[in-house]
$ cat my_file.txt   # compact mmCIF, C-alpha atoms
# COMPACT_ATOMS: atom_id res chain seq x y z
CA MET A 1 18.42 -10.00 33.57
CA ASN A 2 19.94 -6.93 32.00
CA ALA A 3 21.92 -9.00 29.51
CA SER A 4 18.89 -10.95 28.37
CA HIS A 5 16.97 -7.69 28.02
CA PHE A 6 19.74 -6.33 25.79
CA LEU A 7 19.78 -9.56 23.79
CA SER A 8 16.05 -9.39 23.20
CA ARG A 9 16.46 -5.83 21.86
CA LEU A 10 18.77 -7.32 19.24
CA THR A 11 16.63 -10.32 18.41
CA ASP A 12 13.29 -8.49 18.38
CA PRO A 13 13.61 -7.13 14.81
CA ILE A 14 14.56 -10.61 13.57
CA ALA A 15 11.53 -12.07 15.33
CA ALA A 16 9.36 -9.36 13.73
CA ILE A 17 10.64 -10.38 10.29
CA GLY A 18 9.81 -13.98 11.15
CA ARG A 19 6.27 -13.10 12.26
CA CYS A 20 5.80 -11.02 9.10
CA GLY A 21 6.97 -13.93 6.94
CA GLN A 22 4.66 -16.30 8.81
CA PHE A 23 1.79 -13.90 8.19
CA LEU A 24 2.65 -13.78 4.46
CA LEU A 25 2.73 -17.57 4.28
CA ARG A 26 -0.61 -17.75 6.09
CA MET A 27 -2.10 -15.35 3.55
CA ILE A 28 -0.66 -17.27 0.58
CA ALA A 29 -1.82 -20.59 2.03
CA GLY A 30 -5.28 -19.07 2.37
CA ILE A 31 -5.58 -18.33 -1.36
CA ARG A 32 -8.55 -20.18 -2.77
CA PRO A 33 -9.18 -18.80 -6.23
CA GLY A 34 -12.83 -18.03 -6.63
CA ASN A 35 -15.45 -15.41 -7.14
CA ARG A 36 -15.50 -14.13 -3.58
CA LEU A 37 -11.75 -13.45 -3.51
CA ALA A 38 -11.88 -11.80 -6.94
CA ILE A 39 -14.81 -9.56 -5.99
CA SER A 40 -13.39 -8.50 -2.64
CA SER A 41 -9.96 -7.87 -4.20
CA LEU A 42 -11.59 -5.74 -6.86
CA GLN A 43 -13.46 -3.75 -4.23
CA GLN A 44 -10.20 -3.21 -2.36
CA THR A 45 -8.51 -2.22 -5.61
CA TYR A 46 -11.00 0.62 -5.72
CA LEU A 47 -10.19 1.65 -2.15
CA VAL A 48 -6.39 1.39 -2.29
CA GLY A 49 -5.85 1.98 -6.01
CA ALA A 50 -8.49 4.16 -7.58
CA ARG A 51 -8.75 6.41 -4.54
CA SER A 52 -4.95 7.01 -4.65
CA LEU A 53 -5.05 7.90 -8.33
CA VAL A 54 -5.60 11.65 -8.06
CA ILE A 55 -2.77 12.32 -5.59
CA ILE A 56 -0.42 10.10 -7.64
CA MET A 57 -1.29 11.92 -10.87
CA ILE A 58 -0.87 15.41 -9.40
CA CYS A 59 2.44 14.50 -7.77
CA GLY A 60 3.66 12.82 -10.96
CA PHE A 61 2.89 15.87 -13.06
CA PHE A 62 4.82 18.20 -10.78
CA VAL A 63 7.74 15.80 -10.35
CA GLY A 64 7.99 15.66 -14.15
CA MET A 65 7.98 19.45 -14.40
CA VAL A 66 10.63 19.93 -11.73
CA LEU A 67 12.80 17.21 -13.30
CA ALA A 68 12.61 18.95 -16.66
CA LEU A 69 13.41 22.30 -15.05
CA GLN A 70 16.38 20.98 -13.09
CA SER A 71 17.88 18.93 -15.91
CA VAL A 72 17.55 21.72 -18.47
CA ASN A 73 19.11 24.17 -15.98
CA ALA A 74 22.02 21.84 -15.28
CA LEU A 75 22.59 20.76 -18.87
CA GLN A 76 22.29 24.25 -20.36
CA SER A 77 25.61 25.28 -18.81
CA PHE A 78 27.42 23.01 -21.26
CA GLY A 79 24.95 23.26 -24.11
CA ALA A 80 23.54 19.76 -23.75
CA GLU A 81 19.88 20.55 -23.08
CA ASP A 82 18.99 18.13 -25.88
CA GLN A 83 19.90 15.36 -23.42
CA ALA A 84 17.29 16.57 -20.91
CA SER A 85 14.74 13.92 -21.88
CA LEU A 86 17.34 11.18 -21.33
CA LEU A 87 17.92 12.41 -17.79
CA VAL A 88 14.19 12.82 -17.11
CA GLY A 89 13.32 9.42 -18.56
CA LYS A 90 16.09 7.39 -16.94
CA SER A 91 15.56 8.87 -13.48
CA LEU A 92 11.77 8.48 -13.74
CA PHE A 93 11.60 4.95 -15.07
CA ARG A 94 14.35 3.52 -12.90
CA GLU A 95 14.04 5.35 -9.59
CA LEU A 96 11.64 8.19 -9.02
CA GLY A 97 8.56 6.57 -10.55
CA PRO A 98 8.50 3.38 -8.45
CA VAL A 99 10.01 4.88 -5.27
CA LEU A 100 7.90 8.04 -5.04
CA THR A 101 4.76 6.11 -5.97
CA ALA A 102 5.51 3.56 -3.25
CA LEU A 103 6.06 6.30 -0.64
CA LEU A 104 2.85 8.08 -1.65
CA PHE A 105 1.04 4.76 -1.77
CA ALA A 106 2.24 3.90 1.75
CA GLY A 107 1.02 7.28 2.98
CA ARG A 108 -2.31 7.23 1.18
CA ALA A 109 -3.36 3.58 1.04
CA GLY A 110 -1.08 1.73 3.47
CA THR A 111 -2.09 3.81 6.47
CA ALA A 112 -5.77 3.57 5.53
CA VAL A 113 -5.57 -0.22 5.39
CA THR A 114 -3.74 -0.41 8.73
CA ALA A 115 -6.21 1.92 10.42
CA GLU A 116 -9.17 0.01 9.01
CA ILE A 117 -7.92 -3.43 10.06
CA GLY A 118 -6.70 -2.01 13.39
CA LEU A 119 -10.16 -0.63 14.08
CA MET A 120 -11.67 -4.00 13.24
CA ARG A 121 -9.29 -5.47 15.82
CA ALA A 122 -10.14 -2.75 18.38
CA THR A 123 -13.89 -3.27 17.95
CA SER A 124 -13.47 -7.08 18.23
CA GLN A 125 -14.73 -7.71 14.69
CA ILE A 126 -11.72 -9.95 14.03
CA ASP A 127 -12.34 -11.95 17.20
CA ALA A 128 -15.98 -12.32 16.16
CA MET A 129 -14.92 -13.72 12.79
CA GLU A 130 -12.61 -16.22 14.47
CA LEU A 131 -15.51 -17.31 16.69
CA MET A 132 -17.60 -17.88 13.57
CA ALA A 133 -14.74 -20.02 12.13
CA ILE A 134 -14.06 -17.50 9.37
CA ASP A 135 -10.33 -17.06 8.79
CA PRO A 136 -9.81 -13.27 9.14
CA VAL A 137 -6.38 -13.44 7.49
CA HIS A 138 -7.99 -14.91 4.41
CA ARG A 139 -11.13 -12.78 4.55
CA ILE A 140 -9.67 -9.38 5.48
CA ALA A 141 -5.91 -9.28 4.92
CA LEU A 142 -5.59 -11.22 1.67
CA PRO A 143 -7.87 -9.07 -0.58
CA ARG A 144 -6.14 -5.91 0.64
CA PHE A 145 -2.72 -7.42 0.02
CA LEU A 146 -3.66 -8.57 -3.49
CA ALA A 147 -5.25 -5.21 -4.27
CA GLY A 148 -2.02 -3.43 -3.29
CA LEU A 149 0.01 -5.84 -5.38
CA ILE A 150 -2.18 -5.14 -8.44
CA SER A 151 -2.49 -1.41 -7.88
CA MET A 152 1.15 -0.44 -7.35
CA PRO A 153 2.49 -1.16 -10.87
CA LEU A 154 -0.56 0.54 -12.38
CA LEU A 155 -0.16 3.56 -10.11
CA ALA A 156 3.56 3.74 -10.91
CA GLY A 157 2.64 3.62 -14.60
CA MET A 158 0.20 6.50 -14.13
CA PHE A 159 2.84 8.42 -12.16
CA ASN A 160 5.43 7.96 -14.90
CA ALA A 161 2.96 8.84 -17.66
CA MET A 162 1.92 12.03 -15.88
CA ALA A 163 5.56 12.88 -15.13
CA ILE A 164 6.53 12.44 -18.79
CA LEU A 165 3.57 14.65 -19.72
CA GLY A 166 4.65 17.23 -17.13
CA SER A 167 8.20 17.28 -18.42
CA VAL A 168 6.94 17.58 -21.99
CA VAL A 169 4.67 20.48 -21.03
CA PHE A 170 7.48 22.27 -19.24
CA ALA A 171 10.45 21.49 -21.50
CA ILE A 172 8.63 22.03 -24.79
CA GLY A 173 5.88 24.44 -23.81
CA VAL A 174 7.72 26.70 -21.37
CA ILE A 175 11.45 26.36 -22.08
CA GLY A 176 10.95 25.79 -25.80
CA LEU A 177 13.01 22.68 -26.51
CA ASP A 178 12.41 21.03 -29.85
CA PRO A 179 9.64 18.39 -29.49
CA GLY A 180 11.20 16.07 -32.08
CA ILE A 181 14.57 16.00 -30.33
CA PHE A 182 12.93 15.60 -26.92
CA TRP A 183 10.76 12.63 -27.91
CA GLY A 184 13.42 11.11 -30.18
CA LYS A 185 16.07 11.17 -27.47
CA LEU A 186 13.56 9.69 -25.01
CA GLN A 187 12.64 6.83 -27.33
CA ASN A 188 16.23 6.10 -28.30
CA SER A 189 17.74 6.15 -24.84
CA ILE A 190 15.07 4.47 -22.69
CA THR A 191 15.19 0.73 -23.26
CA PHE A 192 12.13 -1.43 -22.78
CA GLN A 193 14.12 -4.42 -21.54
CA GLU A 194 16.12 -2.56 -18.92
CA ASP A 195 14.54 0.72 -17.88
CA PHE A 196 10.85 -0.06 -18.33
CA LEU A 197 10.78 -3.62 -17.04
CA GLN A 198 13.11 -2.77 -14.18
CA GLY A 199 10.70 -0.04 -13.10
CA VAL A 200 7.70 -2.37 -13.32
CA LEU A 201 9.50 -5.08 -11.34
CA LYS A 202 10.47 -2.55 -8.68
CA SER A 203 6.91 -1.31 -8.36
CA VAL A 204 5.61 -4.90 -7.97
CA VAL A 205 8.15 -5.55 -5.21
CA PHE A 206 7.38 -2.25 -3.48
CA GLY A 207 3.65 -2.87 -3.80
CA SER A 208 3.91 -6.24 -2.08
CA LEU A 209 6.21 -4.80 0.63
CA VAL A 210 3.95 -1.84 1.46
CA SER A 211 0.77 -3.97 1.39
CA LEU A 212 2.32 -6.70 3.53
CA VAL A 213 3.52 -4.18 6.12
CA ALA A 214 0.14 -2.42 6.12
CA VAL A 215 -1.99 -5.54 6.65
CA TYR A 216 0.50 -7.04 9.12
CA TYR A 217 0.58 -3.97 11.37
CA GLY A 218 -3.17 -3.55 11.14
CA TYR A 219 -3.79 -7.19 12.01
CA THR A 220 -1.34 -7.23 14.93
CA SER A 221 -2.24 -3.81 16.34
CA LYS A 222 -3.22 -3.52 20.01
CA PRO A 223 -7.02 -3.35 20.33
CA THR A 224 -7.01 0.21 21.68
CA GLY A 225 -7.22 3.66 20.16
CA ALA A 226 -3.57 4.32 20.92
CA GLY A 227 -2.67 0.89 19.52
CA VAL A 228 -4.28 1.69 16.16
CA GLY A 229 -2.42 5.01 16.07
CA THR A 230 0.92 3.33 16.78
CA ALA A 231 0.23 0.68 14.15
CA THR A 232 -0.53 3.36 11.55
CA THR A 233 2.69 5.21 12.36
CA ASN A 234 4.64 1.95 12.23
CA THR A 235 3.21 1.19 8.80
CA ILE A 236 4.40 4.40 7.22
CA VAL A 237 7.82 4.35 8.93
CA VAL A 238 8.61 0.69 8.28
CA SER A 239 7.29 0.61 4.73
CA SER A 240 9.18 3.79 3.74
CA VAL A 241 12.43 2.42 5.15
CA LEU A 242 11.87 -0.98 3.53
CA VAL A 243 11.08 0.61 0.14
CA LEU A 244 14.32 2.58 0.17
CA ILE A 245 16.39 -0.40 1.35
CA PHE A 246 14.89 -2.70 -1.28
CA ASP A 247 15.36 -0.01 -3.91
CA PHE A 248 19.10 -0.14 -3.30
CA ILE A 249 19.13 -3.95 -3.23
CA LEU A 250 17.18 -4.26 -6.48
CA THR A 251 19.24 -1.59 -8.23
CA SER A 252 22.56 -3.18 -7.23
CA PHE A 253 21.14 -6.52 -8.33
CA PHE A 254 20.53 -5.19 -11.85
CA ALA A 255 23.62 -3.05 -12.24
CA MET B 1 -26.47 -2.78 -5.14
CA ARG B 2 -26.16 0.51 -6.97
CA ALA B 3 -23.21 1.64 -4.83
CA ASN B 4 -21.53 -1.70 -5.38
CA TYR B 5 -21.86 -1.27 -9.14
CA ASN B 6 -20.26 2.16 -8.95
CA VAL B 7 -17.34 0.74 -7.00
CA GLU B 8 -16.86 -1.96 -9.63
CA LEU B 9 -17.08 0.64 -12.37
CA ALA B 10 -14.49 2.87 -10.69
CA SER B 11 -12.04 0.04 -10.04
CA GLY B 12 -12.50 -1.23 -13.58
CA LEU B 13 -11.81 2.26 -14.88
CA PHE B 14 -8.73 2.45 -12.66
CA LEU B 15 -7.39 -0.86 -13.97
CA LEU B 16 -7.96 0.20 -17.58
CA LEU B 17 -6.34 3.61 -17.03
CA GLY B 18 -3.32 2.04 -15.33
CA ILE B 19 -2.83 -0.53 -18.07
CA ALA B 20 -3.30 2.15 -20.74
CA ALA B 21 -0.63 4.30 -19.04
CA LEU B 22 1.82 1.38 -18.97
CA VAL B 23 1.17 0.55 -22.62
CA TRP B 24 1.54 4.19 -23.64
CA LEU B 25 4.81 4.48 -21.70
CA ALA B 26 6.18 1.27 -23.19
CA THR B 27 5.33 2.14 -26.78
CA SER B 28 5.93 5.87 -26.98
CA ALA B 29 8.55 6.60 -24.32
CA THR B 30 10.87 3.61 -24.72
CA ASN B 31 12.72 2.03 -27.62
CA LEU B 32 9.89 -0.48 -28.06
CA GLY B 33 8.20 1.98 -30.42
CA ASN B 34 11.10 1.85 -32.85
CA ALA B 35 11.75 -1.87 -32.52
CA ILE B 36 12.33 -3.50 -35.87
CA GLY B 37 9.87 -6.32 -35.32
CA ASN B 38 10.23 -10.06 -35.77
CA ASP B 39 10.30 -10.19 -39.55
CA VAL B 40 14.09 -10.05 -39.90
CA TYR B 41 17.05 -11.69 -41.57
CA ARG B 42 20.55 -11.97 -40.14
CA ILE B 43 23.87 -10.99 -41.65
CA THR B 44 27.29 -11.15 -40.05
CA GLY B 45 30.58 -9.32 -40.30
CA LEU B 46 34.11 -9.62 -38.90
CA PHE B 47 35.61 -6.46 -37.46
CA THR B 48 39.20 -6.01 -36.22
CA ASN B 49 38.01 -3.65 -33.51
CA ILE B 50 34.45 -2.80 -32.56
CA GLY B 51 35.26 -0.05 -30.06
CA ASP B 52 32.41 0.06 -27.57
CA LEU B 53 29.69 -1.24 -29.89
CA LYS B 54 27.02 -3.00 -27.87
CA PRO B 55 24.20 -5.42 -28.66
CA ARG B 56 20.99 -3.59 -29.76
CA ALA B 57 23.03 -0.77 -31.30
CA PRO B 58 21.34 0.46 -34.49
CA VAL B 59 22.36 -0.59 -38.00
CA LYS B 60 21.85 2.24 -40.47
CA VAL B 61 21.90 2.77 -44.23
CA GLY B 62 22.31 6.40 -45.17
CA GLY B 63 21.28 7.41 -41.65
CA VAL B 64 18.05 5.40 -41.68
CA THR B 65 17.84 2.64 -39.05
CA VAL B 66 17.25 -0.66 -40.82
CA GLY B 67 18.17 -3.09 -38.06
CA GLU B 68 20.13 -3.70 -34.89
CA VAL B 69 23.15 -5.56 -33.59
CA GLU B 70 21.99 -8.88 -32.18
CA ASP B 71 25.13 -10.50 -30.90
CA ILE B 72 28.87 -9.86 -30.60
CA LYS B 73 31.32 -12.74 -30.20
CA LEU B 74 35.05 -13.23 -30.58
CA ASP B 75 35.92 -15.39 -33.60
CA MET B 76 38.44 -17.90 -32.26
CA GLN B 77 40.13 -18.50 -35.65
CA THR B 78 40.89 -14.91 -36.62
CA PHE B 79 40.54 -13.30 -33.17
CA GLU B 80 38.29 -10.68 -34.66
CA ALA B 81 34.90 -9.54 -33.39
CA HIS B 82 32.10 -11.51 -35.02
CA VAL B 83 29.03 -9.27 -35.13
CA THR B 84 25.56 -10.59 -35.99
CA MET B 85 23.05 -8.02 -37.24
CA LYS B 86 19.28 -8.34 -37.64
CA ILE B 87 17.92 -6.42 -40.62
CA ALA B 88 14.19 -5.87 -41.10
CA ARG B 89 12.84 -7.99 -43.96
CA ARG B 90 11.46 -4.93 -45.74
CA TYR B 91 15.07 -3.81 -46.36
CA SER B 92 16.04 -7.06 -48.05
CA GLU B 93 17.39 -5.54 -51.26
CA LEU B 94 20.89 -4.75 -49.94
CA PRO B 95 23.57 -5.71 -52.53
CA ASN B 96 25.96 -8.46 -51.43
CA ASP B 97 28.99 -6.21 -51.83
CA THR B 98 27.65 -3.87 -49.14
CA SER B 99 30.37 -2.67 -46.79
CA ALA B 100 30.00 -2.07 -43.06
CA ALA B 101 31.72 0.49 -40.86
CA ILE B 102 31.46 1.15 -37.13
CA LEU B 103 30.69 4.83 -36.72
CA THR B 104 29.92 7.22 -33.90
CA SER B 105 26.87 9.47 -33.82
CA GLY B 106 28.17 12.89 -32.87
CA VAL B 107 31.42 13.48 -31.03
CA LEU B 108 30.51 11.64 -27.84
CA GLY B 109 27.54 9.69 -29.16
CA ASP B 110 26.87 5.97 -29.25
CA ARG B 111 28.42 3.56 -31.72
CA TYR B 112 26.36 2.24 -34.60
CA ILE B 113 27.01 0.25 -37.75
CA GLY B 114 26.72 2.13 -41.00
CA LEU B 115 26.12 0.02 -44.11
CA GLU B 116 27.28 1.36 -47.48
CA PRO B 117 25.50 -0.45 -50.34
CA GLY B 118 27.68 -1.46 -53.28
CA GLY B 119 26.63 -2.04 -56.87
CA SER B 120 26.27 -5.80 -57.11
CA PRO B 121 23.05 -7.12 -58.66
CA ASP B 122 22.90 -9.96 -56.10
CA VAL B 123 21.39 -9.25 -52.70
CA LEU B 124 22.43 -10.26 -49.18
CA GLN B 125 20.68 -13.41 -47.97
CA GLU B 126 19.97 -14.77 -44.50
CA GLY B 127 23.28 -15.70 -42.84
CA ASP B 128 25.52 -13.96 -45.41
CA GLU B 129 28.74 -12.33 -44.31
CA ILE B 130 29.76 -8.77 -45.12
CA LEU B 131 33.33 -9.03 -46.42
CA ILE B 132 34.33 -5.36 -46.53
CA THR B 133 34.37 -4.00 -42.98
CA GLN B 134 35.91 -0.99 -41.35
CA SER B 135 36.80 -0.98 -37.66
CA ALA B 136 35.80 1.56 -35.10
CA ILE B 137 38.05 4.56 -34.80
CA VAL B 138 39.50 4.55 -31.31
CA ILE B 139 40.55 8.00 -30.20
CA GLU B 140 43.41 6.73 -28.02
CA GLN B 141 44.97 4.89 -30.98
CA LEU B 142 44.63 7.98 -33.17
CA VAL B 143 46.37 10.11 -30.57
CA GLY B 144 49.07 7.46 -30.20
CA LYS B 145 49.62 7.34 -33.97
CA TYR B 146 49.75 11.12 -34.19
CA LEU B 147 52.35 11.38 -31.42
CA PHE B 148 54.41 8.56 -32.93
CA ASN B 149 54.32 10.07 -36.44
CA THR B 150 55.39 13.55 -35.40
CA SER B 151 58.25 12.25 -33.27
CA GLY B 152 59.32 10.06 -36.22
CA GLN B 153 59.38 13.10 -38.53
CA GLY B 154 61.38 15.02 -35.98
CA ASP B 155 64.05 12.29 -35.98
CA GLU B 156 64.35 12.34 -39.74
CA GLY B 157 64.55 16.08 -39.97
$ encode --input "my_file.txt" --output "structure tokens"
Amino acid sequence: MNASHFLSRLTDPIAAIGRCGQFLLRMIAGIRPGNRLAISSLQQTYLVGARSLVIIMICGFFVGMVLALQSVNALQSFGAEDQASLLVGKSLFRELGPVLTALLFAGRAGTAVTAEIGLMRATSQIDAMELMAIDPVHRIALPRFLAGLISMPLLAGMFNAMAILGSVVFAIGVIGLDPGIFWGKLQNSITFQEDFLQGVLKSVVFGSLVSLVAVYYGYTSKPTGAGVGTATTNTIVVSSVLVLIFDFILTSFFA
Amino acid sequence: MRANYNVELASGLFLLLGIAALVWLATSATNLGNAIGNDVYRITGLFTNIGDLKPRAPVKVGGVTVGEVEDIKLDMQTFEAHVTMKIARRYSELPNDTSAAILTSGVLGDRYIGLEPGGSPDVLQEGDEILITQSAIVIEQLVGKYLFNTSGQGDEG
């Protein structure tokens, strides 16, 4: 009895991955391209994407400023503050842009999606749909998943753009670095093929991870108030951990 | 209906803003902005030692970037590095006795190829080879030579 209990503790996470994969396949199998899917995805893009824009932009701006401050401080000690934009650009495009955006996105949009779907479950709306022979995975989960997939790269782009702006404002406006050297070094050292595309790919992967976790936990939440709360907590914990794990995997894959 | 339209407007605006940010980043904060374009011709050169020259390193004439390194291979007849360079078509008036040297920008900077135009009236064509080349200066070899030379002088004296 005890042994089998211990064994199930080990196999539970694997079973959860299996259920999550099944859920993903069910969503993909439910894709029927058409007006309704496009319209509901667009509406969800507003809810998960456009509504996350302000927090992403503010955070991006300040991350850019602090990056500029830290790199100029560190590089000044050996007179290499001209390289500051290289450090800012590389760390933003490759790591901080996609990762921080994904974490913010999980906190802002992922939890909202989980809570919304969880509440639908708790108030039996999902059961009602099933009774009416409407596939709730296709009708509710899929547009939210697609919206997250579309929004994440765009949000990461906005984050990076605001961060570059923030670093420009701080490094050139406050510290007084030469704008020509700053921009020139940025353009010469950040490669489109490696840094930019790697960042975009990362943000697509993170977007699909966070959205999948959010809709999965919402859909499978227990139909009680406490169940919705647990599901929301699970979403943010699991998606943050997954984002950081996949960040390492993707980076080691490229390097 | 009105609220629905506003939602569509906001999400459309969000999509446009996001795409605009990505395009701005790609063109003004990466090397895509100073890409040399597709209108190019290729010239080659054999170098004894290329140091740590890499593909996509700039090719410069008098400090101005005119092209980039496309490919580096080992020539199996001479065992020298066979470097293919793309030069933008608008710089197509390079004389065919142009020489190429692998240089370093700054003390610890990246390697690039510097072209030194000669005086020939004929110009380099697609696929031409630069015959006069100068290898990269490798610091370790310089130090080795210096040590060897001074010890040699000491023996003589």
$ interface_residues --input "my_file.txt" --of "chain B" --to "chain A" --cutoff "6 Å" --atoms "all atoms listed in the file" --output "PyMOL selection string"
chain B and resi 11+14+18+21-22+29-32
$ atom_distance --input "my_file.txt" --atom1 "atom CA of Thr65 of chain B" --atom2 "atom CA of Tyr91 of chain B"
10.1 Å
$ closest_residue --input "my_file.txt" --among "A:Met57, A:Ala171, A:Ile117, A:Leu67" --to "Ser91 of chain A" --atoms "only C-alpha atoms"
A:Leu67
$ closest_residue --input "my_file.txt" --among "B:Glu116, B:Asp110, B:Asp71, B:Glu80" --to "Ser135 of chain B" --atoms "all atoms listed in the file"
B:Glu80
$ closest_residue --input "my_file.txt" --among "B:Ile130, B:Ile102, B:Ile43, B:Ala20" --to "Gly118 of chain B" --atoms "all atoms listed in the file"
B:Ile130
$ residues_around --input "my_file.txt" --residues "Phe47 of chain B" --least-positions-apart "3" --cutoff "7 Å" --atoms "all atoms listed in the file" --output "PyMOL selection string"
chain B and resi 50+80-82+133-135
$ axis_aligned_box --input "my_file.txt" --around "segment 214-221 of chain A" --padding-each-side "6 Å" --output "lines of an AutoDock Vina configuration file"
center_x = -1.6
center_y = -4.8
center_z = 11.2
size_x = 16.4
size_y = 16.8
size_z = 22.2
$ atom_distance --input "my_file.txt" --atom1 "atom CA of Phe248 of chain A" --atom2 "atom CA of Ser28 of chain B"
27.8 Å
$ atom_distance --input "my_file.txt" --atom1 "atom CA of Gly114 of chain B" --atom2 "atom CA of Lys60 of chain B"
4.9 Å
$ closest_residue --input "my_file.txt" --among "B:Gln77, B:Asn149, B:Gln141, B:Ser92" --to "Asn49 of chain B" --atoms "all atoms listed in the file"
B:Gln141
$ closest_residue --input "my_file.txt" --among "A:Leu75, A:Ile55, A:Met65, A:Leu10" --to "Gly173 of chain A" --atoms "all atoms listed in the file"
A:Met65
$ closest_residue --input "my_file.txt" --among "A:Ala141, A:Ala84, A:Val243, A:Ala102" --to "Gly118 of chain A" --atoms "all atoms listed in the file"
A:Ala141
